[in-house]
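Input: a single structure, listed below in structure tokens.
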Amino acid sequence: MLTDPRSAPILNLLSLRRKTNDRDHVVQAYGYFTDLVNRSLEKEFQLIMPRKQKNFQPSGDFGGYSFFNYHLNADEKKQFNGWLEQQGEDWPLILGTFMASGYKLSVNFLAEDRIWLASSTCNDPELPNHKRVMTSRHPDWVVAAMINAFKHQVIFQGGAWPEQQKQDDWG
């Protein structure tokens, strides 16, 4: 335990908080500083743990959006790898064209799986995939997004995504 309060500035400030004689200006500055720090910490806490929303939608309701899960089979994986080798350097143009055609592209990192998740959402009511979301996963975020573009442009020829869901190991 520290016996000399001058050896630890924090303890010294804490001891000033209790004595309010000729050091009021220091106590007021300390109070202002602690209030400032507490407000800052409260803002940080609200970013991490936001308050509960009053208009909370029940779990499973995604505003009418449905998720489409399509995994590439072994032949499609080979086809994708060849397509990526040919088109890979033009990924900004490919993804930009995909988004300009009416799709929103989001990429998120899933820390627990250490993998990137690319989600393509169609918000255009004129398109056949309206209110549908297609996802792809990959350790590289560009490749995850390119898998979505490949599925849409090559596998489904830029048209409607099928209703059935096919299962396999990745994609």
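To be explicit about the labels: the chains of the structure tokens are called A, B, and onward in the order shown, and within each one the residues are counted from 1, while ligands get numbers from 1 in the order they are shown.
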
Inset, instruction - Show which residues sit within 6 Å of A:Lys131, as a count of residues only. Count only C-alpha atoms, and ignore same-chain residues fewer than 2 positions away. - result: 3

Problem - Which of stretch 69-107 of chain A fall in strand (DSSP E), as an MDAnalysis selection string - result: chainID A and resid 103:107

Correct to one decimal, the distance atom CA of A:Pro139-atom CA of A:Gly64 is 29.4 Å

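For A:Val107, the list of residues within 10 Å, based on only C-alpha atoms and with local chain neighbours fewer than 6 positions off taken out, reads A:Trp116, A:Leu117, A:Ala118, A:Ser119, A:Ser120, A:Thr135, A:Ser136, A:Arg137, A:Trp141, A:Val142, A:Ala144, A:Ala145.
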
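Distance annotation: of A:Asn148, A:Asn81, A:Glu126, A:Asn69, the residue with the minimal separation from A:Phe98 is A:Asn148; atom set is only C-alpha atoms.
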
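Between atom CA of A:Phe68 and atom CA of A:Val154 the separation is 16.3 Å.
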
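Counting only C-alpha atoms and comparing A:Pro128, A:His138, A:Ser40, A:Glu89, the residue that lies closest to A:Phe109 is A:His138.
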
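Of the residues listed (A:Pro162, A:Thr34, A:Ile94, A:Ile155), A:Ile155 shows the shortest atom-to-atom separation from A:Gln79; distances use only C-alpha atoms.
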
With distances taken over only C-alpha atoms, the candidate from A:Leu95, A:Leu36, A:Ile115, A:Leu105 nearest A:Asp140 is A:Ile115
